[in-house]
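Chemist: This structure is in structure tokens; I'll ask about it shortly.
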Amino acid sequence: MNQPTKSNRKLLTMLILGAVGMFGFGFALVPLYDVLCDALGINGKPQSTASTYQAVIVDKSRTVTIEFVAQVQSDMSWEFKPQVNRITVHPGELTHAKFYARNLSTKDTVGQAIPSVSPGQGAAYFNKTECFCFNQQPLAASASAELPLVFYVDPDLPESIHTLTLSYTLYDITDKVGGGVKQGAAK
């Protein structure tokens, strides 16, 4: 057999470098996506842990409309909806809302809600002190539950933002948590 020619070695080296470069780029995509979303103010991600409500001066001169949207993973047999679709609040005011969930299947299921706030610039000003999204939601077959949400809008919310949309997507995580609904789960 003939030794590989110089041009074949060069091509092989280029292909290996290209593959290594693509592999590295794949790892860099997630942090790049987060930076891009932060810079452009899209895909608003509210905090995923409870914030502490510190008494602030409520801005009674201004109102902000909060819209609630709920959706369920396509293959999940739950009903999931806000009890009220829209409310008006004053920035700084501690507000309570509730969502309703019902397991429509014949098996025990565990759900997890993932929140998003839009416009994205408003996510930093939407603070949850209590939220069902902080915990997994186990429901026995045919059971239902009221899911609490307590929040406030920071008075420093830019004047140009008059409406915030809080959207939750509920995912079935039963297989990821071992599939069991613990004793005392909502009935």
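Ordering of the structure tokens sets the chain letters (A, B, ...); residue numbers start at 1 within each chain; ligands are numbered from 1 in the order shown.
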What residues in chain A get the DSSP label strand (DSSP E or B)? Please answer as a PyMOL selection string.

Modeler: chain A and resi 44+64-72+78-82+86-89+95-103+109-118+126-131+137-139+144-153+163-172+186

Chemist: Fewer than 4 positions away in the same chain doesn't count, so skip those; otherwise give me all residues within 7 Å of Ser167 in chain A, counting only C-alpha atoms, as a ChimeraX atom specification.

Modeler: /A:68-70,115-117

Chemist: Name all residues at most 12 Å from Ser74 in chain A (count only C-alpha atoms; drop same-chain ones fewer than 5 positions away) and give them as a ChimeraX atom specification.

Modeler: /A:79,169-172

Chemist: Save the residues we just selected, C-alpha atoms, as a PDB file, in the first residue's frame?

Modeler:
ATOM      1  CA  GLU A  79     -56.212  19.504  33.775  1.00  0.00           C
ATOM      2  CA  THR A 169     -45.924  24.566  31.587  1.00  0.00           C
ATOM      3  CA  LEU A 170     -46.626  21.435  33.600  1.00  0.00           C
ATOM      4  CA  TYR A 171     -44.471  18.382  32.901  1.00  0.00           C
ATOM      5  CA  ASP A 172     -44.943  14.747  33.929  1.00  0.00           C
TER       6      ASP A 172
END

Chemist: Which residues are near range 83-93 of chain A? Cut-off 7 Å, only C-alpha atoms, ignore same chain within fewer than 5 positions. Put them as a PDB file with N, CA and C atoms, in the first residue's frame.

Modeler:
ATOM      1  N   VAL A  56     -42.458  47.103  51.321  1.00  0.00           N
ATOM      2  CA  VAL A  56     -42.037  48.219  50.489  1.00  0.00           C
ATOM      3  C   VAL A  56     -43.215  49.165  50.370  1.00  0.00           C
ATOM      4  N   ILE A  57     -42.943  50.328  49.923  1.00  0.00           N
ATOM      5  CA  ILE A  57     -44.027  51.280  49.707  1.00  0.00           C
ATOM      6  C   ILE A  57     -44.769  50.852  48.462  1.00  0.00           C
ATOM      7  N   VAL A  58     -46.057  50.602  48.628  1.00  0.00           N
ATOM      8  CA  VAL A  58     -46.895  50.193  47.506  1.00  0.00           C
ATOM      9  C   VAL A  58     -47.183  51.429  46.657  1.00  0.00           C
ATOM     10  N   ASP A  59     -46.951  51.278  45.368  1.00  0.00           N
ATOM     11  CA  ASP A  59     -47.185  52.386  44.428  1.00  0.00           C
ATOM     12  C   ASP A  59     -48.651  52.377  44.005  1.00  0.00           C
ATOM     13  N   LYS A  60     -49.491  53.101  44.767  1.00  0.00           N
ATOM     14  CA  LYS A  60     -50.940  53.140  44.498  1.00  0.00           C
ATOM     15  C   LYS A  60     -51.277  53.963  43.260  1.00  0.00           C
ATOM     16  N   ARG A  62     -50.084  53.543  40.384  1.00  0.00           N
ATOM     17  CA  ARG A  62     -49.814  52.761  39.185  1.00  0.00           C
ATOM     18  C   ARG A  62     -50.396  51.354  39.322  1.00  0.00           C
ATOM     19  N   THR A  63     -50.851  50.798  38.206  1.00  0.00           N
ATOM     20  CA  THR A  63     -51.315  49.412  38.208  1.00  0.00           C
ATOM     21  C   THR A  63     -50.589  48.631  37.112  1.00  0.00           C
ATOM     22  N   VAL A  64     -50.442  47.343  37.369  1.00  0.00           N
ATOM     23  CA  VAL A  64     -49.840  46.423  36.402  1.00  0.00           C
ATOM     24  C   VAL A  64     -50.796  45.255  36.261  1.00  0.00           C
ATOM     25  N   THR A  65     -51.072  44.856  35.034  1.00  0.00           N
ATOM     26  CA  THR A  65     -51.932  43.707  34.780  1.00  0.00           C
ATOM     27  C   THR A  65     -51.070  42.455  34.733  1.00  0.00           C
ATOM     28  N   ILE A  66     -51.480  41.447  35.495  1.00  0.00           N
ATOM     29  CA  ILE A  66     -50.786  40.159  35.486  1.00  0.00           C
ATOM     30  C   ILE A  66     -51.711  39.164  34.799  1.00  0.00           C
ATOM     31  N   GLU A  67     -51.217  38.560  33.729  1.00  0.00           N
ATOM     32  CA  GLU A  67     -51.976  37.532  33.014  1.00  0.00           C
ATOM     33  C   GLU A  67     -51.378  36.173  33.360  1.00  0.00           C
ATOM     34  N   PHE A  68     -52.248  35.193  33.581  1.00  0.00           N
ATOM     35  CA  PHE A  68     -51.804  33.838  33.906  1.00  0.00           C
ATOM     36  C   PHE A  68     -52.141  32.906  32.749  1.00  0.00           C
ATOM     37  N   LYS A  98     -54.328  31.452  42.783  1.00  0.00           N
ATOM     38  CA  LYS A  98     -54.369  29.992  42.860  1.00  0.00           C
ATOM     39  C   LYS A  98     -54.535  29.391  41.478  1.00  0.00           C
ATOM     40  N   PHE A  99     -53.932  28.221  41.322  1.00  0.00           N
ATOM     41  CA  PHE A  99     -54.101  27.419  40.121  1.00  0.00           C
ATOM     42  C   PHE A  99     -54.817  26.136  40.536  1.00  0.00           C
ATOM     43  N   TYR A 100     -55.460  25.517  39.586  1.00  0.00           N
ATOM     44  CA  TYR A 100     -56.188  24.274  39.832  1.00  0.00           C
ATOM     45  C   TYR A 100     -55.544  23.177  38.999  1.00  0.00           C
ATOM     46  N   TYR A 152     -45.227  39.438  44.368  1.00  0.00           N
ATOM     47  CA  TYR A 152     -45.349  40.888  44.276  1.00  0.00           C
ATOM     48  C   TYR A 152     -44.504  41.364  43.098  1.00  0.00           C
ATOM     49  N   VAL A 153     -44.910  42.482  42.550  1.00  0.00           N
ATOM     50  CA  VAL A 153     -44.177  43.112  41.459  1.00  0.00           C
ATOM     51  C   VAL A 153     -43.349  44.229  42.078  1.00  0.00           C
ATOM     52  N   ASP A 154     -42.068  44.225  41.809  1.00  0.00           N
ATOM     53  CA  ASP A 154     -41.171  45.237  42.355  1.00  0.00           C
ATOM     54  C   ASP A 154     -41.587  46.619  41.864  1.00  0.00           C
ATOM     55  N   PRO A 155     -41.668  47.604  42.762  1.00  0.00           N
ATOM     56  CA  PRO A 155     -42.040  48.961  42.341  1.00  0.00           C
ATOM     57  C   PRO A 155     -41.066  49.584  41.341  1.00  0.00           C
TER      58      PRO A 155
END

Chemist: Neighbours of range 125-136 of chain A within 6 Å (only C-alpha atoms; same-chain residues fewer than 2 positions away dropped), as a ChimeraX atom specification?

Modeler: /A:50-52,111-113,122-123,147-154,157

Chemist: Output the selection as a short mmCIF file (atom, residue, chain, number, x, y, z; two decimals), in the first residue's frame - N, CA and C atoms for each residue.

Modeler:
data_model
loop_
_atom_site.label_atom_id
_atom_site.label_comp_id
_atom_site.auth_asym_id
_atom_site.auth_seq_id
_atom_site.Cartn_x
_atom_site.Cartn_y
_atom_site.Cartn_z
N ALA A 50 -37.92 30.90 46.44
CA ALA A 50 -38.75 31.92 47.06
C ALA A 50 -37.93 33.14 47.44
N SER A 51 -38.51 34.30 47.20
CA SER A 51 -37.89 35.52 47.67
C SER A 51 -38.66 35.96 48.92
N THR A 52 -38.02 36.71 49.76
CA THR A 52 -38.66 37.18 50.98
C THR A 52 -39.31 38.51 50.70
N GLY A 111 -46.21 15.89 38.90
CA GLY A 111 -45.99 16.96 37.93
C GLY A 111 -45.02 18.00 38.46
N GLN A 112 -44.41 18.74 37.56
CA GLN A 112 -43.53 19.85 37.92
C GLN A 112 -43.82 20.99 36.96
N ALA A 113 -44.13 22.16 37.50
CA ALA A 113 -44.44 23.34 36.68
C ALA A 113 -43.18 24.17 36.48
N GLY A 122 -39.29 42.07 32.27
CA GLY A 122 -40.08 42.14 33.49
C GLY A 122 -39.80 41.01 34.46
N ALA A 123 -39.13 39.96 34.02
CA ALA A 123 -38.89 38.78 34.86
C ALA A 123 -38.12 39.14 36.13
N LEU A 147 -53.35 25.00 43.87
CA LEU A 147 -51.92 25.25 43.95
C LEU A 147 -51.70 26.75 44.20
N PRO A 148 -51.09 27.10 45.34
CA PRO A 148 -50.96 28.52 45.69
C PRO A 148 -49.78 29.22 45.02
N LEU A 149 -49.99 30.50 44.81
CA LEU A 149 -48.96 31.39 44.29
C LEU A 149 -49.09 32.70 45.06
N VAL A 150 -48.00 33.16 45.66
CA VAL A 150 -47.97 34.44 46.34
C VAL A 150 -46.80 35.22 45.73
N PHE A 151 -47.07 36.44 45.30
CA PHE A 151 -46.05 37.21 44.58
C PHE A 151 -46.24 38.70 44.79
N TYR A 152 -45.23 39.44 44.37
CA TYR A 152 -45.35 40.89 44.28
C TYR A 152 -44.50 41.36 43.10
N VAL A 153 -44.91 42.48 42.55
CA VAL A 153 -44.18 43.11 41.46
C VAL A 153 -43.35 44.23 42.08
N ASP A 154 -42.07 44.22 41.81
CA ASP A 154 -41.17 45.24 42.35
C ASP A 154 -41.59 46.62 41.86
N LEU A 157 -40.25 48.30 38.62
CA LEU A 157 -40.60 47.84 37.27
C LEU A 157 -40.64 49.05 36.34
#

Chemist: Enumerate, as a list in words, the complete set of residues in range 49-181 of chain A that a backbone-based DSSP assignment places in helix (DSSP H, G or I).

Modeler: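 The helix (DSSP H, G or I) residues within range 49-181 of chain A come out as Gly120, Gln121, Gly122, Ala123, Ala124, Tyr125, Phe132, Cys133, Phe134, Asp175, Lys176 and Val177 of chain A.
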
Chemist: Create the file for the chosen residues now, containing N, CA and C atoms and written as a PDB file, in the first residue's frame.

Modeler:
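Saved file selection11.pdb follows:
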ATOM      1  N   GLY A 120     -39.551  39.543  28.788  1.00  0.00           N
ATOM      2  CA  GLY A 120     -38.384  39.076  29.517  1.00  0.00           C
ATOM      3  C   GLY A 120     -37.782  40.124  30.439  1.00  0.00           C
ATOM      4  N   GLN A 121     -37.881  41.405  30.047  1.00  0.00           N
ATOM      5  CA  GLN A 121     -37.326  42.468  30.884  1.00  0.00           C
ATOM      6  C   GLN A 121     -38.054  42.548  32.219  1.00  0.00           C
ATOM      7  N   GLY A 122     -39.294  42.072  32.267  1.00  0.00           N
ATOM      8  CA  GLY A 122     -40.075  42.140  33.489  1.00  0.00           C
ATOM      9  C   GLY A 122     -39.802  41.010  34.456  1.00  0.00           C
ATOM     10  N   ALA A 123     -39.130  39.958  34.016  1.00  0.00           N
ATOM     11  CA  ALA A 123     -38.890  38.782  34.864  1.00  0.00           C
ATOM     12  C   ALA A 123     -38.123  39.143  36.130  1.00  0.00           C
ATOM     13  N   ALA A 124     -37.202  40.050  36.051  1.00  0.00           N
ATOM     14  CA  ALA A 124     -36.402  40.429  37.211  1.00  0.00           C
ATOM     15  C   ALA A 124     -37.222  41.179  38.256  1.00  0.00           C
ATOM     16  N   TYR A 125     -38.391  41.688  37.879  1.00  0.00           N
ATOM     17  CA  TYR A 125     -39.232  42.473  38.785  1.00  0.00           C
ATOM     18  C   TYR A 125     -40.418  41.668  39.322  1.00  0.00           C
ATOM     19  N   PHE A 132     -46.165  26.975  43.820  1.00  0.00           N
ATOM     20  CA  PHE A 132     -46.230  25.534  43.605  1.00  0.00           C
ATOM     21  C   PHE A 132     -45.118  25.063  42.686  1.00  0.00           C
ATOM     22  N   CYS A 133     -44.565  25.971  41.900  1.00  0.00           N
ATOM     23  CA  CYS A 133     -43.497  25.595  40.969  1.00  0.00           C
ATOM     24  C   CYS A 133     -42.177  25.292  41.678  1.00  0.00           C
ATOM     25  N   PHE A 134     -42.078  25.652  42.954  1.00  0.00           N
ATOM     26  CA  PHE A 134     -40.862  25.353  43.709  1.00  0.00           C
ATOM     27  C   PHE A 134     -40.775  23.880  44.082  1.00  0.00           C
ATOM     28  N   ASP A 175     -41.710   9.341  36.086  1.00  0.00           N
ATOM     29  CA  ASP A 175     -40.628   8.375  35.860  1.00  0.00           C
ATOM     30  C   ASP A 175     -39.300   8.849  36.442  1.00  0.00           C
ATOM     31  N   LYS A 176     -39.089  10.145  36.487  1.00  0.00           N
ATOM     32  CA  LYS A 176     -37.821  10.685  36.984  1.00  0.00           C
ATOM     33  C   LYS A 176     -37.713  10.644  38.501  1.00  0.00           C
ATOM     34  N   VAL A 177     -38.865  10.606  39.198  1.00  0.00           N
ATOM     35  CA  VAL A 177     -38.839  10.624  40.661  1.00  0.00           C
ATOM     36  C   VAL A 177     -39.223   9.284  41.269  1.00  0.00           C
TER      37      VAL A 177
END

Chemist: With distances taken over only C-alpha atoms, which residue among A:Asn103, A:Leu139, A:His162, A:Trp78 lies nearest Pro119 in chain A?

Modeler: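 Of all the options, A:His162 lies closest to Pro119 in chain A.
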
Chemist: What gap, in Å, lies between CA of Lys6 in chain A and CA of Gly24 in chain A?

Modeler: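 Result for CA of Lys6 in chain A versus CA of Gly24 in chain A: 27.2 Å, one decimal.
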